[in-house]
$ cat final29.txt   # compact mmCIF, C-alpha atoms
# COMPACT_ATOMS: atom_id res chain seq x y z
CA MET A 1122 -8.71 25.70 18.22
CA LYS A 1123 -5.84 25.09 15.83
CA PHE A 1124 -6.05 22.32 13.23
CA ALA A 1125 -3.12 20.82 11.36
CA VAL A 1126 -3.36 19.14 7.97
CA ILE A 1127 -0.62 16.54 8.41
CA LYS A 1128 1.69 15.02 5.82
CA GLU A 1129 0.94 11.44 4.76
CA ARG A 1130 3.95 9.29 5.61
CA LYS A 1131 2.73 5.74 5.09
CA SER A 1132 4.26 3.70 2.27
CA PRO A 1133 3.15 3.28 -0.48
CA PRO A 1134 2.46 7.02 -0.71
CA ASP A 1135 -1.11 8.26 -0.50
CA ARG A 1136 -1.79 11.55 -2.28
CA ARG A 1137 -5.19 12.14 -0.68
CA VAL A 1138 -5.82 14.75 2.00
CA VAL A 1139 -8.76 15.35 4.33
CA LEU A 1140 -8.76 19.13 3.96
CA THR A 1141 -8.12 20.54 0.48
CA PRO A 1142 -7.19 24.22 0.08
CA GLN A 1143 -10.84 25.07 -0.58
CA SER A 1144 -11.99 23.01 2.41
CA CYS A 1145 -9.54 24.89 4.63
CA GLN A 1146 -10.87 28.20 3.39
CA ASN A 1147 -14.46 27.06 3.96
CA LEU A 1148 -13.58 25.98 7.51
CA LEU A 1149 -12.13 29.40 8.30
CA ASN A 1150 -15.10 31.17 6.72
CA ASN A 1151 -17.52 29.12 8.81
CA HIS A 1152 -15.47 29.33 12.01
CA PRO A 1153 -13.37 32.53 12.09
CA GLU A 1154 -12.10 31.61 15.55
CA ALA A 1155 -10.32 28.54 14.11
CA GLN A 1156 -6.73 28.41 12.88
CA ILE A 1157 -5.17 26.06 10.33
CA ILE A 1158 -1.60 25.06 9.60
CA VAL A 1159 -0.69 22.77 6.70
CA GLU A 1160 2.32 20.50 7.02
CA SER A 1161 4.54 20.82 3.96
CA SER A 1162 4.31 17.87 1.55
CA ASP A 1163 5.58 17.26 -1.98
CA LEU A 1164 3.35 14.18 -2.42
CA ARG A 1165 -0.09 15.61 -1.75
CA ALA A 1166 -2.49 15.92 -4.72
CA PHE A 1167 -2.70 19.64 -3.87
CA SER A 1168 0.60 21.51 -3.89
CA ASN A 1169 1.91 23.63 -1.04
CA LYS A 1170 1.41 26.61 -3.35
CA ALA A 1171 -2.28 25.81 -3.75
CA TYR A 1172 -2.61 26.36 0.02
CA THR A 1173 -0.41 29.43 0.27
CA ASP A 1174 -2.23 31.03 -2.67
CA LEU A 1175 -5.31 31.08 -0.44
CA GLY A 1176 -3.36 32.66 2.39
CA LEU A 1177 -2.94 29.44 4.37
CA GLU A 1178 0.18 28.77 6.43
CA VAL A 1179 2.40 25.91 5.22
CA SER A 1180 5.19 24.76 7.51
CA ASN A 1181 7.26 21.80 8.65
CA ALA A 1182 6.55 22.76 12.27
CA ILE A 1183 3.03 21.82 13.34
CA SER A 1184 3.52 20.85 16.98
CA ASN A 1185 1.63 23.92 18.21
CA ALA A 1186 -1.63 22.66 16.67
CA ASP A 1187 -4.30 21.03 18.82
CA VAL A 1188 -5.90 18.64 16.33
CA MET A 1189 -3.94 16.68 13.70
CA ILE A 1190 -5.95 15.62 10.65
CA GLY A 1191 -4.72 12.94 8.24
CA VAL A 1192 -5.87 10.04 6.09
CA LYS A 1193 -3.73 6.94 6.68
CA GLU A 1194 -2.01 5.56 9.78
CA VAL A 1195 0.69 7.80 11.23
CA PRO A 1196 4.09 6.13 11.77
CA LEU A 1197 4.88 5.65 15.44
CA ASP A 1198 7.86 8.01 15.46
CA ALA A 1199 5.78 10.78 13.87
CA LEU A 1200 3.04 10.74 16.52
CA ILE A 1201 3.16 13.91 18.65
CA PRO A 1202 2.26 13.25 22.31
CA ASN A 1203 -0.74 14.87 23.99
CA LYS A 1204 -2.52 15.80 20.75
CA SER A 1205 -5.81 14.83 19.17
CA TYR A 1206 -5.64 12.91 15.87
CA PHE A 1207 -8.03 12.00 13.07
CA PHE A 1208 -7.00 9.22 10.67
CA PHE A 1209 -7.92 5.69 9.60
CA SER A 1210 -6.15 3.66 12.28
CA HIS A 1211 -7.30 0.22 11.10
CA THR A 1212 -7.43 -1.04 14.68
CA ILE A 1213 -11.14 -1.33 15.48
CA LYS A 1214 -11.25 -4.91 14.12
CA LYS A 1215 -8.14 -5.81 16.15
CA GLN A 1216 -5.94 -5.85 13.06
CA PRO A 1217 -2.72 -7.46 14.29
CA TYR A 1218 -0.45 -5.37 12.06
CA ASN A 1219 -1.52 -2.16 13.86
CA ARG A 1220 -1.42 -3.31 17.48
CA LYS A 1221 1.77 -1.33 18.11
CA LEU A 1222 0.14 1.77 16.68
CA LEU A 1223 -2.71 1.67 19.19
CA GLN A 1224 -0.26 0.90 22.00
CA ALA A 1225 1.83 3.95 21.02
CA ILE A 1226 -1.27 6.16 20.87
CA LEU A 1227 -2.11 5.18 24.44
CA ASP A 1228 1.49 5.54 25.63
CA LYS A 1229 1.70 9.04 24.14
CA ASN A 1230 -1.58 10.17 25.69
CA ILE A 1231 -3.12 10.84 22.27
CA THR A 1232 -6.86 11.34 21.79
CA LEU A 1233 -7.78 9.31 18.70
CA TYR A 1234 -10.81 9.82 16.49
CA ASP A 1235 -10.89 7.21 13.75
CA HIS A 1236 -12.68 8.28 10.56
CA GLU A 1237 -14.47 4.92 10.62
CA THR A 1238 -15.94 5.64 14.05
CA LEU A 1239 -17.48 8.97 13.06
CA VAL A 1240 -21.15 8.00 13.18
CA ASP A 1241 -24.54 9.53 13.82
CA GLU A 1242 -26.88 8.62 16.67
CA ASN A 1243 -28.01 5.54 14.72
CA HIS A 1244 -24.39 4.53 14.19
CA ASN A 1245 -24.43 5.22 10.45
CA ARG A 1246 -21.05 6.26 9.06
CA LEU A 1247 -20.83 10.00 8.47
CA ILE A 1248 -17.79 10.07 6.27
CA GLY A 1249 -15.69 7.86 4.06
CA PHE A 1250 -14.08 7.36 0.67
CA GLY A 1251 -16.51 4.57 -0.27
CA TYR A 1252 -18.21 6.45 -3.10
CA TYR A 1253 -14.92 6.95 -4.94
CA ALA A 1254 -13.91 3.37 -4.23
CA GLY A 1255 -17.10 2.41 -6.07
CA VAL A 1256 -16.43 4.75 -8.97
CA VAL A 1257 -12.83 3.68 -9.48
CA GLY A 1258 -13.61 0.03 -8.78
CA ALA A 1259 -16.30 -0.08 -11.46
CA TYR A 1260 -14.01 1.73 -13.90
CA ASN A 1261 -11.21 -0.74 -13.17
CA GLY A 1262 -13.65 -3.60 -13.61
CA ILE A 1263 -14.64 -2.30 -17.02
CA ARG A 1264 -10.97 -1.83 -17.91
CA THR A 1265 -10.37 -5.45 -16.84
CA ILE A 1266 -13.14 -6.61 -19.18
CA GLY A 1267 -11.42 -4.87 -22.07
CA LYS A 1268 -8.07 -6.48 -21.28
CA LYS A 1269 -9.47 -9.94 -20.56
CA MET A 1270 -11.64 -10.08 -23.68
CA ASP A 1271 -9.43 -7.96 -25.97
CA CYS A 1272 -12.40 -5.79 -26.92
CA PHE A 1273 -11.24 -2.26 -25.97
CA GLN A 1274 -8.47 -0.37 -24.19
CA LEU A 1275 -8.78 2.03 -21.28
CA PRO A 1276 -5.99 3.92 -19.48
CA LYS A 1277 -5.43 3.33 -15.78
CA ALA A 1278 -7.55 5.60 -13.62
CA SER A 1279 -4.37 6.74 -11.88
CA HIS A 1280 -3.11 8.12 -15.21
CA LEU A 1281 -6.15 10.40 -15.54
CA LYS A 1282 -6.38 13.88 -14.07
CA GLY A 1283 -9.78 13.35 -12.52
CA ARG A 1284 -13.40 12.32 -12.95
CA THR A 1285 -13.89 14.36 -16.11
CA GLU A 1286 -11.12 12.48 -17.93
CA LEU A 1287 -12.38 9.17 -16.51
CA ASP A 1288 -15.85 9.83 -17.93
CA ALA A 1289 -14.36 10.85 -21.29
CA ALA A 1290 -12.39 7.60 -21.44
CA LEU A 1291 -15.54 5.55 -20.79
CA LYS A 1292 -17.40 7.41 -23.54
CA SER A 1293 -14.76 6.36 -26.07
CA ILE A 1294 -15.37 2.59 -25.87
CA SER A 1295 -17.89 0.21 -27.37
CA PHE A 1296 -19.07 -2.17 -24.66
CA PRO A 1297 -19.85 -5.83 -25.45
CA ASN A 1298 -23.10 -7.66 -24.74
CA LEU A 1299 -22.41 -8.85 -21.18
CA LYS A 1300 -24.41 -9.48 -18.02
CA ILE A 1301 -23.06 -7.73 -14.91
CA VAL A 1302 -24.06 -8.38 -11.31
CA LEU A 1303 -23.36 -5.59 -8.80
CA THR A 1304 -23.67 -6.17 -5.05
CA GLY A 1305 -24.09 -3.40 -2.51
CA THR A 1306 -26.42 -0.42 -2.17
CA GLY A 1307 -24.30 1.79 0.10
CA ARG A 1308 -21.76 4.42 -0.90
CA VAL A 1309 -19.56 1.90 -2.71
CA GLY A 1310 -22.47 0.34 -4.59
CA GLN A 1311 -23.89 3.70 -5.55
CA GLY A 1312 -20.53 4.89 -6.87
CA ALA A 1313 -20.23 1.78 -9.02
CA LYS A 1314 -23.84 2.10 -10.19
CA GLU A 1315 -23.21 5.67 -11.27
CA VAL A 1316 -20.45 4.49 -13.61
CA LEU A 1317 -22.65 1.77 -15.15
CA ASP A 1318 -25.48 4.26 -15.61
CA PHE A 1319 -23.11 6.79 -17.17
CA MET A 1320 -22.18 4.14 -19.75
CA LYS A 1321 -25.89 3.65 -20.43
CA ILE A 1322 -25.75 -0.02 -19.48
CA LYS A 1323 -29.35 -1.04 -18.88
CA GLN A 1324 -30.39 -1.87 -15.31
CA VAL A 1325 -32.83 -4.78 -15.06
CA SER A 1326 -34.72 -6.51 -12.27
CA VAL A 1327 -33.52 -9.67 -10.56
CA LYS A 1328 -36.23 -11.70 -12.28
CA ALA A 1329 -35.39 -10.34 -15.72
CA PHE A 1330 -31.67 -10.83 -15.16
CA LEU A 1331 -32.18 -14.47 -14.18
CA THR A 1332 -34.74 -15.43 -16.82
CA GLN A 1333 -34.30 -13.29 -19.93
CA ILE A 1334 -31.81 -13.16 -22.78
CA PHE A 1335 -30.71 -9.67 -23.80
CA GLN A 1336 -29.24 -8.29 -27.00
CA GLU A 1337 -27.46 -5.50 -25.12
CA PRO A 1338 -25.30 -5.22 -21.99
CA VAL A 1339 -27.30 -5.22 -18.76
CA TYR A 1340 -26.69 -5.15 -15.02
CA VAL A 1341 -28.58 -5.96 -11.86
CA GLN A 1342 -27.90 -4.33 -8.49
CA LEU A 1343 -28.44 -6.69 -5.56
CA ASP A 1344 -29.35 -5.92 -1.97
CA VAL A 1345 -28.62 -8.57 0.68
CA LEU A 1346 -31.93 -10.41 0.44
CA ASP A 1347 -31.34 -10.89 -3.27
CA TYR A 1348 -28.41 -13.22 -2.57
CA VAL A 1349 -29.13 -14.82 0.85
CA ALA A 1350 -32.00 -16.79 2.36
CA ARG A 1351 -32.66 -18.42 5.72
CA LYS A 1352 -31.37 -21.98 5.97
CA ASP A 1353 -34.61 -23.16 7.55
CA GLY A 1354 -36.74 -21.73 4.74
CA SER A 1355 -38.60 -19.26 6.96
CA ALA A 1356 -39.16 -15.63 6.06
CA SER A 1357 -36.04 -13.52 5.65
CA SER A 1358 -35.55 -9.89 6.62
CA LYS A 1359 -32.60 -7.53 6.52
CA SER A 1360 -32.74 -6.87 10.25
CA ASP A 1361 -32.79 -10.61 10.96
CA PHE A 1362 -29.90 -11.21 8.59
CA PHE A 1363 -27.75 -8.56 10.23
CA SER A 1364 -28.60 -9.94 13.68
CA ASN A 1365 -28.27 -13.62 12.76
CA PRO A 1366 -26.01 -13.97 9.70
CA THR A 1367 -25.11 -17.58 10.51
CA HIS A 1368 -28.76 -18.58 10.03
CA TYR A 1369 -28.50 -17.70 6.34
CA LYS A 1370 -27.15 -19.40 3.23
CA SER A 1371 -25.99 -17.89 -0.05
CA THR A 1372 -28.24 -17.96 -3.11
CA PHE A 1373 -25.64 -16.23 -5.23
CA LEU A 1374 -24.84 -19.25 -7.44
CA ARG A 1375 -27.95 -18.59 -9.51
CA TYR A 1376 -26.19 -15.42 -10.70
CA THR A 1377 -22.78 -16.97 -11.32
CA LYS A 1378 -24.40 -19.38 -13.80
CA ILE A 1379 -25.41 -16.56 -16.13
CA ALA A 1380 -23.39 -13.45 -15.24
CA ASP A 1381 -20.15 -12.65 -17.03
CA VAL A 1382 -18.96 -9.99 -14.60
CA PHE A 1383 -19.25 -9.56 -10.82
CA ILE A 1384 -18.65 -6.12 -9.27
CA ALA A 1385 -18.48 -6.67 -5.51
CA GLY A 1386 -19.43 -3.50 -3.66
CA HIS A 1387 -21.13 -5.04 -0.63
CA PHE A 1388 -20.17 -4.90 3.03
CA TYR A 1389 -19.33 -8.37 4.30
CA GLY A 1390 -20.10 -9.00 7.96
CA LYS A 1391 -18.52 -11.68 10.11
CA GLY A 1392 -20.54 -14.88 10.04
CA SER A 1393 -22.30 -14.08 6.77
CA PRO A 1394 -22.37 -16.79 4.09
CA TYR A 1395 -19.79 -16.73 1.32
CA PHE A 1396 -20.96 -15.60 -2.12
CA PHE A 1397 -19.22 -18.60 -3.64
CA THR A 1398 -16.57 -21.02 -2.45
CA ARG A 1399 -13.52 -22.44 -4.21
CA ASP A 1400 -15.34 -25.70 -4.84
CA GLU A 1401 -18.34 -23.90 -6.27
CA ALA A 1402 -16.09 -21.98 -8.66
CA LYS A 1403 -14.96 -25.33 -10.10
CA THR A 1404 -18.39 -26.34 -11.38
CA ASP A 1405 -19.08 -26.55 -15.11
CA ASP A 1406 -21.87 -23.97 -14.97
CA PHE A 1407 -19.79 -21.32 -13.18
CA ASN A 1408 -19.72 -18.52 -15.76
CA LEU A 1409 -17.93 -15.52 -14.23
CA LYS A 1410 -15.02 -14.28 -16.33
CA VAL A 1411 -14.22 -11.01 -14.55
CA VAL A 1412 -14.49 -10.12 -10.85
CA ALA A 1413 -13.95 -6.53 -9.69
CA ASP A 1414 -13.76 -7.02 -5.94
CA ILE A 1415 -14.04 -3.55 -4.44
CA SER A 1416 -14.80 -4.99 -1.00
CA CYS A 1417 -11.55 -6.98 -1.17
CA ASP A 1418 -11.98 -9.49 1.66
CA ILE A 1419 -9.01 -11.77 1.13
CA ASP A 1420 -9.51 -15.54 0.83
CA GLY A 1421 -13.08 -15.16 2.01
CA PRO A 1422 -16.57 -14.58 0.62
CA VAL A 1423 -15.40 -14.15 -3.00
CA ALA A 1424 -13.26 -17.25 -3.49
CA CYS A 1425 -11.17 -15.96 -6.40
CA THR A 1426 -9.89 -12.99 -4.36
CA ILE A 1427 -6.78 -14.67 -3.00
CA ARG A 1428 -4.76 -11.48 -2.49
CA PRO A 1429 -5.09 -7.73 -2.89
CA SER A 1430 -3.74 -6.28 -6.11
CA THR A 1431 -2.01 -2.93 -6.54
CA ILE A 1432 -2.57 0.25 -8.51
CA GLU A 1433 0.58 -0.56 -10.47
CA HIS A 1434 -0.51 -4.17 -11.17
CA PRO A 1435 -4.30 -4.19 -10.66
CA ILE A 1436 -5.26 -7.48 -12.36
CA TYR A 1437 -4.34 -11.10 -11.72
CA GLY A 1438 -5.82 -14.39 -12.82
CA TYR A 1439 -7.32 -17.15 -10.70
CA ASP A 1440 -7.46 -20.72 -11.96
CA PRO A 1441 -10.50 -22.15 -10.13
CA HIS A 1442 -9.54 -25.78 -10.74
CA ALA A 1443 -5.94 -25.52 -9.55
CA GLU A 1444 -6.84 -22.81 -6.96
CA VAL A 1445 -3.73 -20.83 -7.87
CA GLU A 1446 -2.85 -17.48 -9.38
CA VAL A 1447 -2.22 -17.53 -13.14
CA ASP A 1448 -2.01 -15.14 -16.09
CA PHE A 1449 -5.46 -13.54 -16.28
CA LYS A 1450 -5.42 -13.87 -20.07
CA LYS A 1451 -5.62 -17.67 -19.86
CA SER A 1452 -8.94 -19.01 -21.11
CA ASN A 1453 -9.72 -20.86 -17.87
CA ALA A 1454 -8.75 -17.94 -15.61
CA ILE A 1455 -11.08 -15.55 -13.81
CA ALA A 1456 -9.63 -12.05 -14.19
CA VAL A 1457 -9.59 -10.48 -10.71
CA MET A 1458 -9.26 -6.77 -9.93
CA ALA A 1459 -8.82 -6.42 -6.16
CA VAL A 1460 -7.03 -3.11 -5.57
CA ASP A 1461 -7.51 -2.29 -1.88
CA ASN A 1462 -6.84 1.46 -2.04
CA LEU A 1463 -8.99 2.47 -5.00
CA PRO A 1464 -9.76 6.10 -4.01
CA CYS A 1465 -6.02 6.83 -4.25
CA GLU A 1466 -6.38 6.62 -8.03
CA LEU A 1467 -8.51 9.78 -8.10
CA PRO A 1468 -6.91 11.63 -5.17
CA ARG A 1469 -8.14 15.13 -5.99
CA ASP A 1470 -11.78 14.16 -6.52
CA ALA A 1471 -11.80 11.83 -3.50
CA SER A 1472 -10.21 14.51 -1.30
CA GLU A 1473 -12.65 17.19 -2.40
CA GLY A 1474 -15.64 15.01 -1.58
CA PHE A 1475 -14.22 13.90 1.77
CA GLY A 1476 -13.22 17.43 2.75
CA THR A 1477 -16.62 18.88 1.97
CA THR A 1478 -18.30 16.32 4.22
CA PHE A 1479 -15.71 16.71 6.99
CA ILE A 1480 -16.28 20.48 7.11
CA GLU A 1481 -20.06 20.08 7.02
CA LYS A 1482 -20.54 17.23 9.50
CA ILE A 1483 -17.49 16.90 11.75
CA ILE A 1484 -15.81 20.26 12.30
CA PRO A 1485 -18.92 21.99 13.77
CA ALA A 1486 -18.77 19.59 16.74
CA PHE A 1487 -15.64 21.39 17.93
CA PHE A 1488 -17.55 24.67 18.13
CA ASN A 1489 -21.01 23.66 19.35
CA ASN A 1490 -19.94 21.67 22.43
CA ASP A 1491 -20.44 18.45 20.42
CA LYS A 1492 -24.20 18.84 20.81
CA ASP A 1493 -24.90 15.84 18.56
CA GLY A 1494 -22.36 13.59 20.30
CA ILE A 1495 -20.29 13.01 17.16
CA LEU A 1496 -16.93 13.42 18.88
CA SER A 1497 -17.90 11.58 22.05
CA ARG A 1498 -19.12 8.56 20.05
CA SER A 1499 -16.03 8.40 17.85
CA LYS A 1500 -13.37 9.01 20.50
CA MET A 1501 -11.35 5.80 20.88
CA THR A 1502 -8.70 6.92 23.37
CA GLU A 1503 -8.37 9.63 25.99
CA ASN A 1504 -6.00 10.26 28.90
CA GLY A 1505 -3.93 7.22 27.98
CA LYS A 1506 -6.89 4.81 28.13
CA LEU A 1507 -9.45 3.32 25.82
CA THR A 1508 -12.84 4.99 26.10
CA PRO A 1509 -15.72 2.77 27.35
CA ALA A 1510 -17.14 2.20 23.86
CA PHE A 1511 -13.79 0.78 22.73
CA ALA A 1512 -12.84 -1.10 25.89
CA TYR A 1513 -13.29 -4.32 23.88
CA LEU A 1514 -9.86 -3.55 22.38
CA GLN A 1515 -8.05 -3.92 25.72
CA ASP A 1516 -7.10 -7.56 25.16
CA TYR A 1517 -5.85 -6.58 21.71
CA VAL A 1518 -3.72 -3.82 23.23
CA ASN A 1519 -2.45 -6.29 25.83
CA GLY A 1520 -1.37 -8.70 23.08
CA LYS A 1521 -3.82 -11.44 24.09
CA VAL A 1522 -5.46 -11.74 20.64
$ encode --input "final29.txt" --output "C-alpha cells"
Amino acid sequence: MKFAVIKERKSPPDRRVVLTPQSCQNLLNNHPEAQIIVESSDLRAFSNKAYTDLGLEVSNAISNADVMIGVKEVPLDALIPNKSYFFFSHTIKKQPYNRKLLQAILDKNITLYDHETLVDENHNRLIGFGYYAGVVGAYNGIRTIGKKMDCFQLPKASHLKGRTELDAALKSISFPNLKIVLTGTGRVGQGAKEVLDFMKIKQVSVKAFLTQIFQEPVYVQLDVLDYVARKDGSASSKSDFFSNPTHYKSTFLRYTKIADVFIAGHFYGKGSPYFFTRDEAKTDDFNLKVVADISCDIDGPVACTIRPSTIEHPIYGYDPHAEVEVDFKKSNAIAVMAVDNLPCELPRDASEGFGTTFIEKIIPAFFNNDKDGILSRSKMTENGKLTPAFAYLQDYVNGKV
C-alpha cells in the first residue's frame, strides 16, 4: 500500500497537512510494508526538507500511489482517476458549491473517504480539527475583547509560531471583569475551555452565573439543556432534543441579558431553535458586546453572524438595530469574530494533532482488513457510484437540489 501526502491547492492557501514528517515516520515504523511519497509543496507548514531529512521521498510525481491524503477539497483538474482519496469534500450536506466536485469524483472512478465521515460504530467522529478551532477561536475572541474595549493588545494567532507563543501572549495581558458564556462540550468547546482555564478565568455554575455578581472575570460552559427547553413544558432530555429539535425553544436570552461575551462552540443541528434572533438582539436588555462564533453558521442561530470573516480581517461589527455591518468599534455594535478556517492559524500544532490521530485510528484499517468497519462506514463513493450509506446524495449529484 502506497500513500501520498498531496499538495493543498485550494485558494486561499491552507498550510495544514494530514501527515507531518513525524507522522509519516510513525506510520512506516508501525507498518513497515507501507510506502509513502510526499508531493512537493512550498506552502505547507512543514518544509520539503523536513520530510527528506527523515528519509522520506518528496516528488512532483505521485500518480503511482494508491491512497491520496489531503486536507481541503482537491481541484477538479488535479483529481487522479481510479485512486482513493481522503479530504474534507464538503458535500455530505449537499453543499451546492461542491456539486461538481462530487460529480467529478464519480466520473473519475475515485473512492472517496471524507474526514467527516470517519466514525466509530456509534457514529462518533474519529478525527477532526475541532479542538484547534476551539483554541484559536477562544484566543481570537479574547483578542476581539481587547480591541473592542481598548483594554489590551494581542497579536493575531497567525503571526505566532505555535501554541507556546499563543500561551505566552495570553499570559501578558490583564483581563477585565467580564462574564463569558461558552456553548459546546465537544472538541471545539473543550479547546475553548482550555484557553479560558489557562487564563485562570473562573468557571461558575449556571445558577451562579445567572444570579450572582462577581468581582472577577467568570465563564459558564453550557450543554444543550442549559439553553433549550421543550415548548410544551414537559421534561427535556438530550436524546429527545436531538431526535425532535423542533419541539424545543431557546432559553438563551437569560444569558444575553447579563453576559458580555459569547463564545459559540456548539454544533447546530437542522431544526434546532436559534440562540437569538435579529429582533431579540434589538431589545434594551440585550447585553452582548463581543461574539466569537467558532461554529460560524451564517445568518442563522447567532443573529449577528451575517457573514464569515477572514484570518486577514477577523472582526466586523453588527448594528442590531439597523441589521447591517458597521465598524466594530462603534458603541452600539456587537464585535463579531467569525473566521471559518480557524485551525489554519496554528497549522503546525493542528497538523500534529490531526496526524497523530490519523495514524492511530485510521491507518490500521488498511492493514487489518478494516476489522472495525472504519473504512466501510466512511466510504462515500466506489466504482463510479455512491455507496448505499450515501445514496441520499444522488439527487444532489443529479442537480435536482
$ closest_residue --input "final29.txt" --among "A:Leu1197, A:Ala1278, A:Ile1495, A:Ile1432" --to "Val1257 of chain A" --atoms "only C-alpha atoms"
A:Ala1278
$ residues_near_point --input "final29.txt" --point "(-0.6, -5.0, -12.6)" --cutoff "12 Å" --atoms "only C-alpha atoms" --output "PyMOL selection string"
chain A and resi 1261+1265+1268+1277+1429-1438+1448-1449+1456-1460
$ write_last_selection --input "final29.txt" --atoms "C-alpha atoms" --output "mmCIF file, in the coordinates of the input"
data_model
loop_
_atom_site.group_PDB
_atom_site.id
_atom_site.type_symbol
_atom_site.label_atom_id
_atom_site.label_comp_id
_atom_site.auth_asym_id
_atom_site.auth_seq_id
_atom_site.Cartn_x
_atom_site.Cartn_y
_atom_site.Cartn_z
ATOM 1 C CA ASN A 1261 -11.210 -0.740 -13.170
ATOM 2 C CA THR A 1265 -10.370 -5.450 -16.840
ATOM 3 C CA LYS A 1268 -8.070 -6.480 -21.280
ATOM 4 C CA LYS A 1277 -5.430 3.330 -15.780
ATOM 5 C CA PRO A 1429 -5.090 -7.730 -2.890
ATOM 6 C CA SER A 1430 -3.740 -6.280 -6.110
ATOM 7 C CA THR A 1431 -2.010 -2.930 -6.540
ATOM 8 C CA ILE A 1432 -2.570 0.250 -8.510
ATOM 9 C CA GLU A 1433 0.580 -0.560 -10.470
ATOM 10 C CA HIS A 1434 -0.510 -4.170 -11.170
ATOM 11 C CA PRO A 1435 -4.300 -4.190 -10.660
ATOM 12 C CA ILE A 1436 -5.260 -7.480 -12.360
ATOM 13 C CA TYR A 1437 -4.340 -11.100 -11.720
ATOM 14 C CA GLY A 1438 -5.820 -14.390 -12.820
ATOM 15 C CA ASP A 1448 -2.010 -15.140 -16.090
ATOM 16 C CA PHE A 1449 -5.460 -13.540 -16.280
ATOM 17 C CA ALA A 1456 -9.630 -12.050 -14.190
ATOM 18 C CA VAL A 1457 -9.590 -10.480 -10.710
ATOM 19 C CA MET A 1458 -9.260 -6.770 -9.930
ATOM 20 C CA ALA A 1459 -8.820 -6.420 -6.160
ATOM 21 C CA VAL A 1460 -7.030 -3.110 -5.570
#
$ closest_residue --input "final29.txt" --among "A:Thr1285, A:Thr1508, A:Gln1336, A:Asn1147" --to "Leu1233 of chain A" --atoms "all atoms listed in the file"
A:Thr1508
$ atom_distance --input "final29.txt" --atom1 "atom CA of Leu1227 of chain A" --atom2 "atom CA of Thr1502 of chain A"
6.9 Å
$ atom_distance --input "final29.txt" --atom1 "atom CA of Ser1393 of chain A" --atom2 "atom CA of Lys1521 of chain A"
25.5 Å
$ residues_around --input "final29.txt" --residues "Ser1295 of chain A" --least-positions-apart "4" --cutoff "12 Å" --atoms "all atoms listed in the file" --output "JSON list (two decimals) with C-alpha atoms, in the coordinates of the input"
[["chain", "number", "residue", "atom", "x", "y", "z"],
["A", 1263, "ILE", "CA", -14.64, -2.30, -17.02],
["A", 1264, "ARG", "CA", -10.97, -1.83, -17.91],
["A", 1266, "ILE", "CA", -13.14, -6.61, -19.18],
["A", 1267, "GLY", "CA", -11.42, -4.87, -22.07],
["A", 1271, "ASP", "CA", -9.43, -7.96, -25.97],
["A", 1272, "CYS", "CA", -12.40, -5.79, -26.92],
["A", 1273, "PHE", "CA", -11.24, -2.26, -25.97],
["A", 1274, "GLN", "CA", -8.47, -0.37, -24.19],
["A", 1275, "LEU", "CA", -8.78, 2.03, -21.28],
["A", 1290, "ALA", "CA", -12.39, 7.60, -21.44],
["A", 1291, "LEU", "CA", -15.54, 5.55, -20.79],
["A", 1299, "LEU", "CA", -22.41, -8.85, -21.18],
["A", 1320, "MET", "CA", -22.18, 4.14, -19.75],
["A", 1321, "LYS", "CA", -25.89, 3.65, -20.43],
["A", 1322, "ILE", "CA", -25.75, -0.02, -19.48],
["A", 1337, "GLU", "CA", -27.46, -5.50, -25.12],
["A", 1338, "PRO", "CA", -25.30, -5.22, -21.99]]
$ residues_around --input "final29.txt" --residues "Val1192 of chain A" --least-positions-apart "3" --cutoff "7 Å" --atoms "all atoms listed in the file" --output "PDB file with C-alpha atoms, in the frame of the given file"
ATOM      1  CA  VAL A1138      -5.820  14.750   2.000  1.00  0.00           C
ATOM      2  CA  VAL A1139      -8.760  15.350   4.330  1.00  0.00           C
ATOM      3  CA  PHE A1208      -7.000   9.220  10.670  1.00  0.00           C
ATOM      4  CA  PHE A1209      -7.920   5.690   9.600  1.00  0.00           C
TER       5      PHE A1209
END
$ closest_residue --input "final29.txt" --among "A:Thr1306, A:Gln1146, A:Asn1519, A:Asn1489" --to "Tyr1252 of chain A" --atoms "all atoms listed in the file"
A:Thr1306
$ residues_around --input "final29.txt" --residues "Leu1177 of chain A" --least-positions-apart "4" --cutoff "9 Å" --atoms "all atoms listed in the file" --output "ChimeraX atom specification"
/A:1142,1145-1146,1157-1159,1171-1173
$ closest_residue --input "final29.txt" --among "A:Thr1426, A:Asn1169, A:Thr1367, A:Asn1462" --to "Lys1193 of chain A" --atoms "all atoms listed in the file"
A:Asn1462
$ residues_around --input "final29.txt" --residues "segment 1372-1382 of chain A" --least-positions-apart "6" --cutoff "8 Å" --atoms "all atoms listed in the file" --output "PyMOL selection string"
chain A and resi 1299-1302+1331+1347-1350+1396-1397+1406-1413
$ residues_around --input "final29.txt" --residues "His1387 of chain A" --least-positions-apart "3" --cutoff "8 Å" --atoms "only C-alpha atoms" --output "ChimeraX atom specification"
/A:1304-1307,1309-1310,1416
$ write_last_selection --input "final29.txt" --atoms "C-alpha atoms" --output "compact mmCIF listing (two decimals), keeping the file's coordinate frame"
# COMPACT_ATOMS: atom_id res chain seq x y z
CA THR A 1304 -23.67 -6.17 -5.05
CA GLY A 1305 -24.09 -3.40 -2.51
CA THR A 1306 -26.42 -0.42 -2.17
CA GLY A 1307 -24.30 1.79 0.10
CA VAL A 1309 -19.56 1.90 -2.71
CA GLY A 1310 -22.47 0.34 -4.59
CA SER A 1416 -14.80 -4.99 -1.00
$ closest_atom_pairs --input "final29.txt" --of "segment 1136-1166 of chain A" --to "segment 1473-1483 of chain A" --cutoff "7 Å" --atoms "all atoms listed in the file" --output "JSON lines"
{"residue": "A:Val1139", "atom": "CA", "partner": "A:Gly1476", "partner_atom": "CA", "distance": 5.2}
{"residue": "A:Leu1140", "atom": "CA", "partner": "A:Gly1476", "partner_atom": "CA", "distance": 4.9}
{"residue": "A:Thr1141", "atom": "CA", "partner": "A:Glu1473", "partner_atom": "CA", "distance": 6.3}
{"residue": "A:Ser1144", "atom": "CA", "partner": "A:Gly1476", "partner_atom": "CA", "distance": 5.7}
{"residue": "A:Leu1148", "atom": "CA", "partner": "A:Ile1480", "partner_atom": "CA", "distance": 6.1}
$ closest_residue --input "final29.txt" --among "A:Phe1362, A:Phe1383, A:Tyr1439, A:Phe1124" --to "Ile1484 of chain A" --atoms "all atoms listed in the file"
A:Phe1124
